[in-house]
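Text of my_file-v9.cif (mmCIF, C-alpha atoms) as supplied:
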```cif
data_upload
#
loop_
_atom_site.label_atom_id
_atom_site.label_comp_id
_atom_site.auth_asym_id
_atom_site.auth_seq_id
_atom_site.Cartn_x
_atom_site.Cartn_y
_atom_site.Cartn_z
CA ILE P 71 101.86 137.61 122.53
CA ASN P 72 100.68 138.54 119.02
CA ALA P 73 101.84 142.18 119.29
CA GLU P 74 103.21 144.34 116.43
CA TYR P 75 106.01 146.90 116.68
CA MET P 76 107.77 149.24 114.22
CA GLY P 77 111.05 151.10 114.79
CA ASP P 78 113.55 153.20 112.83
CA VAL P 79 116.93 151.66 111.93
CA PRO P 80 119.73 154.26 111.70
CA ASN P 81 122.54 151.79 110.81
CA PRO P 82 121.41 148.37 109.52
CA LEU P 83 125.00 147.12 109.18
CA MET P 84 125.90 147.71 112.83
CA ASP P 85 122.63 147.83 114.77
CA THR P 86 121.43 144.92 116.90
CA MET P 87 117.87 144.50 118.10
CA GLY P 88 117.66 143.44 121.73
CA ILE P 89 114.54 141.68 122.98
CA GLU P 90 113.70 141.14 126.66
CA VAL P 91 110.76 139.38 128.27
CA TRP P 92 109.77 140.92 131.59
CA ALA P 93 107.53 139.62 134.38
CA ARG P 94 105.06 141.99 136.01
CA ASP P 95 105.40 141.87 139.80
CA ARG P 96 102.74 143.49 142.01
CA LEU P 97 104.92 143.52 145.14
CA THR P 98 108.43 144.40 143.93
CA ALA P 99 110.09 145.92 140.87
CA ASP P 100 109.59 144.13 137.55
CA ASP P 101 112.53 141.98 136.38
CA PRO P 102 113.57 140.57 132.98
CA ILE P 103 113.20 136.77 132.82
CA ALA P 104 114.47 136.14 129.27
CA LYS P 105 116.56 138.01 126.72
CA GLY P 106 117.83 137.64 123.17
CA ALA P 107 119.48 139.62 120.36
CA LEU P 108 119.18 139.77 116.57
CA ARG P 109 121.81 141.35 114.33
CA LEU P 110 119.96 143.29 111.62
CA ALA P 111 122.73 142.89 109.02
CA TYR P 112 121.65 139.26 108.53
CA LEU P 113 118.05 140.07 107.65
CA GLN P 114 116.84 139.55 104.10
CA GLY P 115 115.19 142.50 102.40
CA GLN P 116 112.39 140.79 100.49
CA GLY P 117 109.24 140.51 102.60
CA PRO P 118 108.54 139.26 106.13
CA ARG P 119 110.58 136.44 107.64
CA GLN P 120 109.58 133.89 110.26
CA LEU P 121 112.45 133.57 112.75
CA HIS P 122 113.31 131.23 115.57
CA LEU P 123 115.28 133.36 118.05
CA PRO P 124 117.22 131.62 120.86
CA MET P 125 116.55 133.21 124.25
CA GLN P 126 118.55 133.12 127.46
CA VAL P 127 116.51 132.45 130.61
CA ARG P 128 117.43 133.84 133.99
CA GLU P 129 118.16 131.27 136.70
CA GLY P 130 119.17 133.09 139.87
CA GLU P 131 122.05 135.36 138.89
CA GLU P 132 122.94 133.39 135.74
CA TRP P 133 121.54 133.37 132.20
CA ARG P 134 121.08 130.02 130.44
CA ASP P 135 119.94 128.99 126.94
CA PRO P 136 117.03 126.50 126.98
CA SER P 137 114.34 128.81 125.51
CA HIS P 138 113.36 130.45 122.22
CA LEU P 139 110.99 133.06 120.79
CA GLU P 140 108.97 132.72 117.59
CA MET P 141 108.65 136.02 115.72
CA GLN P 142 108.14 137.59 112.29
CA VAL P 143 110.52 140.35 111.14
CA GLU P 144 110.39 142.49 107.98
CA ALA P 145 113.30 144.66 106.90
CA VAL P 146 111.80 147.73 105.11
CA ASN P 147 114.09 149.58 102.66
CA PHE P 148 117.18 147.64 103.79
CA GLY P 149 118.46 144.08 104.08
CA CYS P 150 120.68 141.72 102.11
CA HIS P 151 119.76 139.59 99.11
CA PRO P 152 118.45 136.09 100.06
CA SER P 153 121.41 134.40 98.35
CA TYR P 154 123.84 136.28 100.64
CA SER P 155 121.95 135.83 103.88
CA GLU P 156 123.90 133.98 106.59
CA GLU P 157 121.29 134.39 109.26
CA PRO P 158 122.60 132.52 112.32
CA THR P 159 119.20 132.05 113.91
CA GLY P 160 117.77 129.96 111.05
CA LYS P 161 119.28 126.56 111.80
CA HIS P 162 117.90 124.70 114.80
CA LEU P 163 117.10 121.19 115.92
CA VAL P 164 113.65 120.30 117.21
CA MET P 165 113.84 117.30 119.52
CA LEU P 166 110.95 115.31 120.95
CA LEU P 167 112.41 113.28 123.81
CA GLY P 168 110.29 110.14 124.11
CA ARG P 169 111.42 107.49 126.57
CA ALA P 170 114.35 105.35 127.69
CA THR P 171 114.28 101.65 128.54
CA GLY P 172 116.57 99.30 130.46
CA LEU P 173 118.53 101.92 132.43
CA VAL P 174 120.90 100.68 135.14
CA SER P 175 121.96 102.88 138.07
CA THR P 176 124.55 102.29 140.81
CA ALA P 177 122.45 104.31 143.27
CA ALA P 178 119.78 102.77 145.51
CA THR P 179 117.07 104.33 143.38
CA CYS P 180 117.04 105.51 139.76
CA ASP P 181 115.66 109.03 139.27
CA PRO P 182 116.73 109.73 135.67
CA TYR P 183 116.74 112.99 133.73
CA ALA P 184 118.25 113.85 130.32
CA ARG P 185 120.77 116.51 129.33
CA MET P 186 120.82 117.42 125.61
CA SER P 187 123.83 119.44 124.43
CA THR P 188 125.28 120.67 121.13
CA GLY P 189 127.58 123.56 120.27
CA GLY P 190 127.75 124.85 123.84
CA ILE P 191 123.95 124.86 124.32
CA THR P 192 122.43 122.54 126.91
CA ALA P 193 118.81 121.68 127.73
CA VAL P 194 117.67 119.60 130.69
CA SER P 195 114.55 117.45 130.95
CA PRO P 196 112.41 116.96 134.08
CA THR P 197 113.36 114.16 136.50
CA ARG P 198 111.28 110.99 136.50
CA PRO P 199 111.45 109.46 140.00
CA ASP P 200 112.14 105.81 140.80
CA THR P 201 112.08 104.24 137.33
CA THR P 202 114.48 102.52 134.91
CA SER P 203 112.17 103.17 131.94
CA PRO P 204 111.35 106.89 132.14
CA ILE P 205 108.78 108.51 129.83
CA TRP P 206 109.32 112.22 129.14
CA ASN P 207 107.45 113.24 125.95
CA GLU P 208 109.13 116.65 126.20
CA LYS P 209 109.97 119.06 123.35
CA PHE P 210 113.29 120.92 123.11
CA VAL P 211 114.68 123.35 120.52
CA LEU P 212 118.46 123.75 120.17
CA ASP P 213 120.24 126.33 118.02
CA VAL P 214 122.70 124.81 115.51
CA LYS P 215 125.57 126.94 114.20
CA ASP P 216 127.67 124.45 112.19
CA PRO P 217 125.89 121.16 111.30
CA LYS P 218 129.02 119.79 109.62
CA THR P 219 131.02 119.71 112.86
CA GLN P 220 128.39 119.64 115.62
CA VAL P 221 126.88 116.50 117.14
CA LEU P 222 123.96 116.05 119.50
CA GLU P 223 124.91 114.41 122.78
CA VAL P 224 122.12 113.05 124.95
CA ALA P 225 123.23 111.92 128.41
CA ILE P 226 120.91 110.23 130.89
CA TRP P 227 121.78 111.29 134.44
CA GLY P 228 120.68 109.81 137.73
CA GLU P 229 119.57 112.32 140.34
CA ASP P 230 121.12 111.52 143.73
CA ARG P 231 119.81 113.15 146.90
CA LEU P 232 122.95 112.35 148.94
CA GLU P 233 125.85 112.65 146.47
CA ALA P 234 126.60 114.42 143.19
CA ASP P 235 124.56 113.38 140.16
CA GLU P 236 126.31 111.09 137.68
CA PRO P 237 125.62 110.15 134.04
CA ILE P 238 124.47 106.55 133.61
CA ALA P 239 124.01 106.31 129.80
CA MET P 240 124.63 108.38 126.69
CA VAL P 241 124.33 108.49 122.90
CA GLN P 242 125.62 110.82 120.17
CA VAL P 243 123.89 111.71 116.90
CA ASN P 244 125.78 113.02 113.87
CA PHE P 245 123.96 115.92 112.16
CA LEU P 246 125.41 115.09 108.71
CA TRP P 247 122.83 112.43 107.77
CA LEU P 248 119.73 114.05 109.27
CA PRO P 249 117.10 114.76 106.58
CA ARG P 250 116.34 118.45 106.03
CA ASP P 251 113.03 119.68 107.54
CA THR P 252 111.76 116.10 107.92
CA PRO P 253 110.93 114.44 111.29
CA LEU P 254 113.03 111.31 111.94
CA ASN P 255 112.03 108.69 114.53
CA LEU P 256 115.00 107.03 116.24
CA ASN P 257 115.39 104.16 118.70
CA LEU P 258 119.09 104.23 119.57
CA PRO P 259 121.15 101.87 121.77
CA LEU P 260 122.75 103.66 124.73
CA LYS P 261 126.38 103.48 125.80
CA VAL P 262 127.12 102.77 129.46
CA LYS P 263 130.21 103.35 131.59
CA LYS P 264 132.61 100.45 132.09
CA ASN P 265 135.96 101.00 133.82
CA GLY P 266 135.54 104.74 133.37
CA GLU P 267 134.91 104.57 129.59
CA TRP P 268 131.72 104.76 127.53
CA VAL P 269 131.12 101.43 125.78
CA LEU P 270 128.21 99.86 123.91
CA PRO P 271 127.24 96.49 125.46
CA HIS P 272 126.97 93.41 123.23
CA PRO P 273 124.03 93.22 122.82
CA PRO P 274 122.77 96.64 123.94
CA THR P 275 120.77 96.66 127.16
CA SER P 276 119.19 100.12 127.11
CA PHE P 277 117.61 102.25 124.37
CA LEU P 278 116.45 105.84 123.86
CA GLN P 279 113.46 106.78 121.72
CA MET P 280 113.28 110.29 120.27
CA ASN P 281 112.18 112.28 117.22
CA LEU P 282 114.54 114.79 115.56
CA THR P 283 113.76 117.48 112.98
CA ALA P 284 116.67 119.36 111.39
CA THR P 285 115.20 122.78 110.55
CA HIS P 286 116.94 124.78 107.77
CA PHE P 287 119.81 122.28 107.56
CA GLY P 288 120.39 118.61 106.79
CA VAL P 289 120.74 116.41 103.72
CA ASN P 290 119.62 118.22 100.58
CA PRO P 291 118.74 115.75 97.75
CA GLU P 292 119.69 118.30 95.08
CA LEU P 293 123.24 118.69 96.43
CA HIS P 294 124.02 115.25 97.80
CA HIS P 295 126.38 114.32 94.97
CA LEU P 296 128.72 117.20 95.89
CA ASP P 297 129.61 115.80 99.31
CA GLY P 298 130.70 112.19 99.77
CA SER P 299 130.10 112.36 103.53
CA LEU P 300 126.35 112.44 102.91
CA LYS P 301 126.28 108.93 101.46
CA SER P 302 124.57 106.38 103.68
CA VAL P 303 123.03 102.94 103.49
CA LYS P 304 119.78 101.92 105.17
CA ILE P 305 119.39 98.27 106.15
CA ASP P 306 116.12 96.72 107.29
CA LEU P 307 116.79 93.35 108.90
CA HIS P 308 113.60 91.29 108.65
CA GLY P 309 114.48 87.81 109.89
CA ALA P 310 116.40 84.57 109.44
CA GLU P 311 115.73 80.84 109.06
CA ASN P 312 117.45 77.72 110.45
CA LEU P 313 120.21 79.45 112.40
CA PRO P 314 122.72 77.21 114.20
CA CYS P 315 121.99 76.79 117.92
CA GLY P 316 124.31 77.60 120.82
CA VAL P 317 126.19 75.28 123.16
CA ASP P 318 123.18 74.94 125.47
CA GLY P 319 120.90 73.92 122.59
CA VAL P 320 119.00 77.23 122.32
CA SER P 321 119.77 80.60 120.81
CA ASN P 322 118.83 84.19 121.57
CA PRO P 323 120.01 85.70 118.27
CA TYR P 324 120.82 89.36 117.67
CA ALA P 325 122.55 91.12 114.78
CA ARG P 326 125.78 93.09 114.58
CA LEU P 327 126.43 95.17 111.46
CA LYS P 328 129.81 96.64 110.62
CA LEU P 329 130.61 99.11 107.84
CA GLY P 330 133.96 100.90 107.88
CA ALA P 331 134.37 102.37 111.36
CA PHE P 332 130.66 102.07 112.20
CA THR P 333 129.16 99.20 114.22
CA CYS P 334 125.45 98.77 115.04
CA PHE P 335 123.59 96.19 117.12
CA GLY P 336 120.03 94.92 116.79
CA LYS P 337 117.64 93.67 119.42
CA GLU P 338 117.72 90.17 120.84
CA VAL P 339 114.94 87.61 120.17
CA GLN P 340 114.50 84.93 122.82
CA ASP P 341 114.72 81.15 122.30
CA THR P 342 114.39 80.79 118.53
CA LEU P 343 116.38 79.69 115.49
CA ASP P 344 113.95 81.50 113.13
CA PRO P 345 113.95 85.07 114.49
CA ASN P 346 111.88 87.99 113.19
CA TRP P 347 113.69 91.20 114.17
CA GLY P 348 112.22 94.17 112.28
CA ASP P 349 115.40 96.19 113.01
CA SER P 350 116.45 99.23 110.94
CA PHE P 351 119.97 100.66 110.67
CA LEU P 352 121.38 103.79 109.01
CA MET P 353 125.15 103.86 108.44
CA ASP P 354 127.47 106.43 106.81
CA VAL P 355 129.41 105.36 103.70
CA SER P 356 132.87 106.76 102.87
CA ASN P 357 134.20 104.43 100.13
CA VAL P 358 131.54 102.90 97.88
CA ASP P 359 134.04 101.06 95.65
CA GLU P 360 135.73 99.05 98.41
CA GLU P 361 133.47 98.92 101.47
CA LYS P 362 131.17 96.01 102.33
CA VAL P 363 128.47 95.58 104.94
CA LEU P 364 129.39 92.73 107.28
CA LEU P 365 126.24 91.30 108.87
CA GLU P 366 126.87 88.90 111.74
CA ILE P 367 124.22 86.98 113.68
CA TRP P 368 125.30 86.39 117.26
CA GLY P 369 123.78 83.97 119.72
CA GLN P 370 123.55 84.99 123.35
CA ASP P 371 124.70 82.01 125.41
CA ARG P 372 123.79 81.55 129.05
CA LEU P 373 126.80 79.29 129.72
CA THR P 374 129.67 80.82 127.74
CA ALA P 375 130.57 84.05 125.95
CA ASP P 376 128.44 85.15 123.00
CA GLU P 377 129.69 84.00 119.59
CA PRO P 378 128.71 84.67 115.97
CA VAL P 379 126.72 81.79 114.46
CA ALA P 380 126.13 83.09 110.92
CA GLN P 381 127.32 85.91 108.69
CA LEU P 382 127.17 87.40 105.20
CA GLU P 383 128.88 90.23 103.31
CA ILE P 384 127.10 92.74 101.05
CA PRO P 385 129.25 94.78 98.59
CA LEU P 386 128.03 98.36 98.14
CA LEU P 387 129.23 98.74 94.56
CA TRP P 388 126.29 96.98 92.87
CA LEU P 389 123.45 98.49 94.92
CA PRO P 390 120.83 100.47 92.97
CA SER P 391 120.59 104.13 93.94
CA GLY P 392 117.62 105.14 96.10
CA SER P 393 115.54 101.97 95.55
CA PRO P 394 115.09 99.37 98.33
CA LEU P 395 116.49 95.98 97.33
CA GLU P 396 114.81 92.96 98.98
CA LEU P 397 117.19 90.02 99.42
CA THR P 398 117.04 86.48 100.79
CA MET P 399 120.66 85.42 101.07
CA PRO P 400 122.30 82.14 102.17
CA ALA P 401 124.38 82.71 105.29
CA LYS P 402 127.89 81.51 105.98
CA VAL P 403 128.29 79.22 109.00
CA LYS P 404 131.40 77.71 110.59
CA ASP P 405 132.41 74.28 109.31
CA SER P 406 134.19 71.59 111.30
CA TYR P 407 137.52 73.39 110.71
CA GLY P 408 136.23 76.71 112.09
CA GLU P 409 136.09 78.39 108.65
CA TRP P 410 133.15 80.50 107.43
CA LYS P 411 131.51 78.84 104.41
CA VAL P 412 128.10 78.54 102.77
CA PRO P 413 127.09 74.84 103.00
CA ASP P 414 125.94 72.99 99.89
CA PRO P 415 122.99 73.19 100.14
CA PRO P 416 122.69 76.25 102.41
CA THR P 417 121.22 75.64 105.85
CA ALA P 418 120.53 79.20 107.03
CA HIS P 419 119.04 82.19 105.20
CA ILE P 420 118.81 85.88 106.14
CA HIS P 421 116.06 88.23 104.88
CA ILE P 422 117.02 91.90 104.51
CA SER P 423 116.13 95.06 102.62
CA ILE P 424 118.95 97.47 101.73
CA THR P 425 118.76 101.00 100.31
CA ALA P 426 121.69 103.07 98.98
CA ASN P 427 121.16 106.77 99.76
CA HIS P 428 122.94 109.24 97.45
CA PHE P 429 125.11 106.63 95.74
CA GLY P 430 124.74 103.45 93.69
CA MET P 431 124.06 102.44 90.09
CA HIS P 432 122.29 104.81 87.74
CA PRO P 433 120.92 103.71 84.33
CA MET P 434 122.48 106.73 82.60
CA LEU P 435 126.01 105.65 83.53
CA THR P 436 128.16 103.73 81.00
CA PRO P 437 127.66 100.00 81.64
CA GLU P 438 131.37 99.27 81.08
CA LEU P 439 132.24 101.37 84.15
CA LEU P 440 130.05 99.28 86.44
CA LYS P 441 130.33 95.84 87.87
CA LYS P 442 128.03 93.61 85.81
CA THR P 443 125.46 91.72 87.85
CA LEU P 444 122.49 89.47 87.19
CA GLN P 445 119.37 89.79 89.31
CA LEU P 446 117.39 86.55 89.47
CA THR P 447 113.99 86.01 91.08
CA LEU P 448 113.13 82.35 91.65
CA ASN P 449 109.34 82.08 91.56
CA SER P 450 108.07 78.49 91.64
CA GLY P 451 108.21 74.98 90.22
CA HIS P 452 105.35 72.99 88.66
CA ASN P 453 104.66 69.23 88.41
CA LEU P 454 108.03 68.15 89.78
CA VAL P 455 108.47 64.39 89.97
CA CYS P 456 110.34 63.57 93.19
CA SER P 457 112.02 60.35 94.24
CA ASP P 458 109.95 59.72 97.39
CA GLU P 459 107.35 61.19 99.72
CA ALA P 460 110.03 62.86 101.86
CA SER P 461 111.55 64.87 99.00
CA ARG P 462 112.33 68.53 99.74
CA PRO P 463 113.39 70.47 96.60
CA TYR P 464 115.79 73.37 96.40
CA VAL P 465 117.50 75.13 93.46
CA ARG P 466 121.19 75.73 92.75
CA VAL P 467 122.13 78.46 90.26
CA LYS P 468 125.67 78.66 88.90
CA VAL P 469 127.23 81.28 86.61
CA GLY P 470 130.97 80.95 86.08
CA ALA P 471 132.59 80.68 89.51
CA VAL P 472 129.55 82.16 91.31
CA THR P 473 127.00 79.81 92.90
CA ALA P 474 123.75 80.63 94.71
CA TRP P 475 121.27 78.37 96.52
CA SER P 476 117.61 78.78 97.21
CA SER P 477 115.83 77.91 100.41
CA VAL P 478 114.51 74.34 100.88
CA ARG P 479 110.75 73.82 100.45
CA ASP P 480 108.56 71.10 101.95
CA GLU P 481 106.10 71.23 99.03
CA ARG P 482 107.61 68.68 96.63
CA VAL P 483 105.37 68.89 93.53
CA ASN P 484 104.58 72.62 93.15
CA PRO P 485 107.06 74.44 95.38
CA VAL P 486 106.94 78.26 95.69
CA TRP P 487 110.18 80.07 96.56
CA GLY P 488 110.10 83.83 95.90
CA ASP P 489 113.88 84.00 96.51
CA ARG P 490 116.00 86.74 94.91
CA PHE P 491 119.70 86.60 94.02
CA LEU P 492 122.33 89.05 92.75
CA MET P 493 125.25 87.39 90.95
CA ASP P 494 128.44 88.94 89.57
CA ILE P 495 128.90 88.37 85.82
CA ALA P 496 132.46 88.32 84.45
CA ASN P 497 131.75 87.76 80.74
CA PRO P 498 128.13 88.18 79.58
CA ARG P 499 128.94 87.03 76.03
CA ASP P 500 130.40 83.65 77.03
CA ASP P 501 128.94 82.86 80.48
CA THR P 502 126.11 80.34 80.81
CA MET P 503 123.69 80.10 83.70
CA CYS P 504 123.12 76.54 84.93
CA ILE P 505 119.94 75.96 86.97
CA ASP P 506 119.65 72.65 88.86
CA VAL P 507 116.73 71.41 90.96
CA TRP P 508 117.98 69.18 93.77
CA ASP P 509 116.35 66.96 96.35
CA ARG P 510 117.58 67.55 99.89
CA ASP P 511 118.01 63.77 100.29
CA ARG P 512 120.04 63.19 97.09
CA THR P 513 123.85 62.96 97.14
CA GLU P 514 126.24 64.77 94.80
CA ALA P 515 126.93 61.49 92.99
CA GLU P 516 123.24 60.95 92.23
CA GLY P 517 123.03 64.38 90.63
CA PRO P 518 120.12 66.86 90.36
CA MET P 519 116.52 65.92 89.50
CA TYR P 520 116.25 68.62 86.79
CA SER P 521 118.69 70.88 84.94
CA ALA P 522 118.44 73.82 82.53
CA LEU P 523 120.96 76.05 80.74
CA ILE P 524 120.50 79.71 79.79
#
```
So, in terms of structure tokens, how does the structure I just supplied come out?
Amino acid sequence: INAEYMGDVPNPLMDTMGIEVWARDRLTADDPIAKGALRLAYLQGQGPRQLHLPMQVREGEEWRDPSHLEMQVEAVNFGCHPSYSEEPTGKHLVMLLGRATGLVSTAATCDPYARMSTGGITAVSPTRPDTTSPIWNEKFVLDVKDPKTQVLEVAIWGEDRLEADEPIAMVQVNFLWLPRDTPLNLNLPLKVKKNGEWVLPHPPTSFLQMNLTATHFGVNPELHHLDGSLKSVKIDLHGAENLPCGVDGVSNPYARLKLGAFTCFGKEVQDTLDPNWGDSFLMDVSNVDEEKVLLEIWGQDRLTADEPVAQLEIPLLWLPSGSPLELTMPAKVKDSYGEWKVPDPPTAHIHISITANHFGMHPMLTPELLKKTLQLTLNSGHNLVCSDEASRPYVRVKVGAVTAWSSVRDERVNPVWGDRFLMDIANPRDDTMCIDVWDRDRTEAEGPMYSALI
């Protein structure tokens, strides 16, 4: 439009500016097609302001809310101070709806469309005919009044030409952990209806890709320490080695992460015991001192029900704040008695990267208040003398009652590990670290090939 207007304001505290968009009609009378309102009492009085004004669009005899108007407004000789402005039109969510995959419909054909709703505002995408993997690439802007209580609900509906449309999948996004004014790419598993209730399949069968930008709201790094609900942990699950196989001799492993009341699922990798996932998870944290991340690796079984085949626990207390921590950790597996234990030596390893957002250790804190830990990076061995040609060395590190194992290497003379460990330290003044190099073929009675004390 790019038009400029100026008008007198008799009463800035009470006046409201109404804006209507009309359509010129050559045959009949002109009609308004969109309308909006701006209360002038919310305007700041220091220079022009770029505003995002929600607009209602006329559909028949009803007015709905899927539109907006970009405008610049300047309050001359009136307006509130910026620190007191509570302008309701400032906060909004920009959503780029990408695509969905793996949809399942009970109708003869699947003609999906998406309904995005938050705080009483709903936007609807176009319908994509006859597909279970629709691609939209549509942009939507939704006004957000209270980010602390509102959630974004995205429901995928199936258009039915004979009966009423029904939702076939849905997902909800909490606004609390969205980054402020920063685009965030998401690939979220979708819930489906089972016995009249929304449930998340194990593993998930359908996903929704979208990009969200929280404009004028979201996590503020300068204020994050004032609100415990803004704490979160980001986990990048890279891969695993030597996972146990299923009953049918193969495994289609996928991950399940649990933290407090939150549960997330990763994607499934077909027919492998050494999967590479590349999954990323973001989970809210409520109690840093007591909560742990439970990471379970499940194997999809074609003959029986899925079961966990490996697991590990990650305490949140000793994570560094804001810095990704790369870990290769030995996994617990079930022994012959059905108990979860780490074998000696470990048989399965899991590779992850974990980042504590807005919590974790800080170097300025008093060391006595923190749990003491030792971070060890195992680099390599040189000129090892092994018992035979089939030797496969690995390292066992023990400090007090804590024991960690490295992965097993086929290179017997100059093995390279690159493994990292975090070990709890009870008494730094008296504890000794014992490092043993073992051969995979040697028994406990024969002892390690090499030992060192620190």
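Taken over the shown file, the PyMOL selection byres ((chain P and resi 366) around 7) identifies Ala325, Arg326, Leu327, Leu364, Leu365, Ile367, Trp368, Pro378, Ala380, Gln381 and Leu382 of chain P.
Nearest to Pro415 in chain P of all the residues P:Pro217, P:Ser476, P:Gln445, P:Lys468 is P:Ser476, counting only C-alpha atoms.
Distance annotation: of P:His419, P:Lys264, P:His286, P:Lys411, the residue with the minimal separation from Glu311 in chain P is P:His419; atom set is only C-alpha atoms.
Considering the residues P:Val507, P:Cys334, P:Met353, P:Leu454 and counting all atoms listed in the file, Glu481 in chain P has its shortest atom-to-atom contact with P:Leu454.
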Could you name the residues that touch Phe491 in chain P at 10 Å or less, counting only C-alpha atoms, but leaving out those on the same chain fewer than 6 positions away, as a short mmCIF file (atom, residue, chain, number, x, y, z; two decimals) with C-alpha atoms, keeping the file's coordinate frame?
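Below is the file that was written, part34.cif:
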```cif
data_model
loop_
_atom_site.label_atom_id
_atom_site.label_comp_id
_atom_site.auth_asym_id
_atom_site.auth_seq_id
_atom_site.Cartn_x
_atom_site.Cartn_y
_atom_site.Cartn_z
CA GLU P 396 114.81 92.96 98.98
CA LEU P 397 117.19 90.02 99.42
CA THR P 398 117.04 86.48 100.79
CA MET P 399 120.66 85.42 101.07
CA PRO P 400 122.30 82.14 102.17
CA THR P 443 125.46 91.72 87.85
CA LEU P 444 122.49 89.47 87.19
CA GLN P 445 119.37 89.79 89.31
CA LEU P 446 117.39 86.55 89.47
CA THR P 447 113.99 86.01 91.08
CA LEU P 448 113.13 82.35 91.65
CA VAL P 467 122.13 78.46 90.26
CA ALA P 474 123.75 80.63 94.71
CA TRP P 475 121.27 78.37 96.52
CA SER P 476 117.61 78.78 97.21
#
```
Nearest to Ala170 in chain P: which of P:Pro259, P:Pro518, P:Asp101, P:Val403 is it, counting all atoms listed in the file?
->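 Counting all atoms listed in the file, the residue closest to Ala170 in chain P is P:Pro259.
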Provide the CA of Thr473 in chain P to CA of Pro323 in chain P distance in Å, to one decimal place.
->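 Result for CA of Thr473 in chain P versus CA of Pro323 in chain P: 27.0 Å, one decimal.
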Expected residue set, 12 Å radius at (106.0, 112.0, 133.8), all atoms listed in the file, as a short mmCIF file (atom, residue, chain, number, x, y, z; two decimals) with C-alpha atoms, in the coordinates of the input:
```
data_model
loop_
_atom_site.label_atom_id
_atom_site.label_comp_id
_atom_site.auth_asym_id
_atom_site.auth_seq_id
_atom_site.Cartn_x
_atom_site.Cartn_y
_atom_site.Cartn_z
CA LEU P 167 112.41 113.28 123.81
CA GLY P 168 110.29 110.14 124.11
CA ARG P 169 111.42 107.49 126.57
CA ASP P 181 115.66 109.03 139.27
CA PRO P 182 116.73 109.73 135.67
CA TYR P 183 116.74 112.99 133.73
CA SER P 195 114.55 117.45 130.95
CA PRO P 196 112.41 116.96 134.08
CA THR P 197 113.36 114.16 136.50
CA ARG P 198 111.28 110.99 136.50
CA PRO P 199 111.45 109.46 140.00
CA ASP P 200 112.14 105.81 140.80
CA THR P 201 112.08 104.24 137.33
CA SER P 203 112.17 103.17 131.94
CA PRO P 204 111.35 106.89 132.14
CA ILE P 205 108.78 108.51 129.83
CA TRP P 206 109.32 112.22 129.14
CA ASN P 207 107.45 113.24 125.95
CA GLU P 208 109.13 116.65 126.20
#
```
Exercise: Val363 in chain P partners within 8 Å, all atoms listed in the file, chain neighbours under 5 positions left out, as a PyMOL selection string = chain P and resi 327-329+383-386
Taking all atoms of range 160-177 of chain P that the file lists, what box with edges along x, y and z, padded by 6 Å per side, do you get, with centre and edge lengths in Å to one decimal, as lines of an AutoDock Vina configuration file?
```
center_x = 117.4
center_y = 114.6
center_z = 127.2
size_x = 26.3
size_y = 42.7
size_z = 44.2
```
Who sits within 10 Å of Glu236 in chain P, all atoms listed in the file, same chain under 3 positions skipped, as a PDB file with C-alpha atoms, in the coordinates of the input:
```pdb
ATOM      1  CA  SER P 175     121.960 102.880 138.070  1.00  0.00           C
ATOM      2  CA  THR P 176     124.550 102.290 140.810  1.00  0.00           C
ATOM      3  CA  ALA P 177     122.450 104.310 143.270  1.00  0.00           C
ATOM      4  CA  PRO P 182     116.730 109.730 135.670  1.00  0.00           C
ATOM      5  CA  ALA P 225     123.230 111.920 128.410  1.00  0.00           C
ATOM      6  CA  ILE P 226     120.910 110.230 130.890  1.00  0.00           C
ATOM      7  CA  TRP P 227     121.780 111.290 134.440  1.00  0.00           C
ATOM      8  CA  GLY P 228     120.680 109.810 137.730  1.00  0.00           C
ATOM      9  CA  GLU P 229     119.570 112.320 140.340  1.00  0.00           C
ATOM     10  CA  ASP P 230     121.120 111.520 143.730  1.00  0.00           C
ATOM     11  CA  GLU P 233     125.850 112.650 146.470  1.00  0.00           C
ATOM     12  CA  ALA P 239     124.010 106.310 129.800  1.00  0.00           C
TER      13      ALA P 239
END
```
Name the residues, using the chain letters and numbers of the file, that sit within 10 Å of (119.9, 88.6, 122.6) when counting only C-alpha atoms, and give them as an MDAnalysis selection string.
-> chainID P and resid 272:275 321:325 336:341 368:371 376
Expected selection from the PyMOL selection byres ((chain P and resi 192) around 12), given as an NGL selection string = :P and (126 or 134-137 or 184-191 or 193-195 or 210-214 or 222-225)
Evaluate the PyMOL selection byres ((chain P and resi 391) around 7) and record the selected residues as a ChimeraX atom specification, following the chain and residue labels used in the document.
-> /P:389-390,392-393,426-432
Please dump the current selection as a compact mmCIF listing (two decimals), in the frame of the given file; keep C-alpha atoms.
```txt
# COMPACT_ATOMS: atom_id res chain seq x y z
CA LEU P 389 123.45 98.49 94.92
CA PRO P 390 120.83 100.47 92.97
CA GLY P 392 117.62 105.14 96.10
CA SER P 393 115.54 101.97 95.55
CA ALA P 426 121.69 103.07 98.98
CA ASN P 427 121.16 106.77 99.76
CA HIS P 428 122.94 109.24 97.45
CA PHE P 429 125.11 106.63 95.74
CA GLY P 430 124.74 103.45 93.69
CA MET P 431 124.06 102.44 90.09
CA HIS P 432 122.29 104.81 87.74
```
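In this comparison, which uses only C-alpha atoms, the residue of P:Val243, P:Ile238, P:Val472, P:Leu282 approaching Val269 in chain P most closely is P:Ile238.
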For Phe287 in chain P, the nearest of the candidates P:Pro237, P:Val164, P:Thr202, P:Ile305, counting only C-alpha atoms =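 When distances to Phe287 in chain P are compared using only C-alpha atoms, the smallest one comes from P:Val164.
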With a distance cut-off of 12 Å and all atoms listed in the file, select the neighbouring residues of Pro80 in chain P, excluding the residue or stretch itself and same-chain residues fewer than 4 positions from it, and output the selection as an NGL selection string.
-> :P and (84-87 or 110 or 147-148)
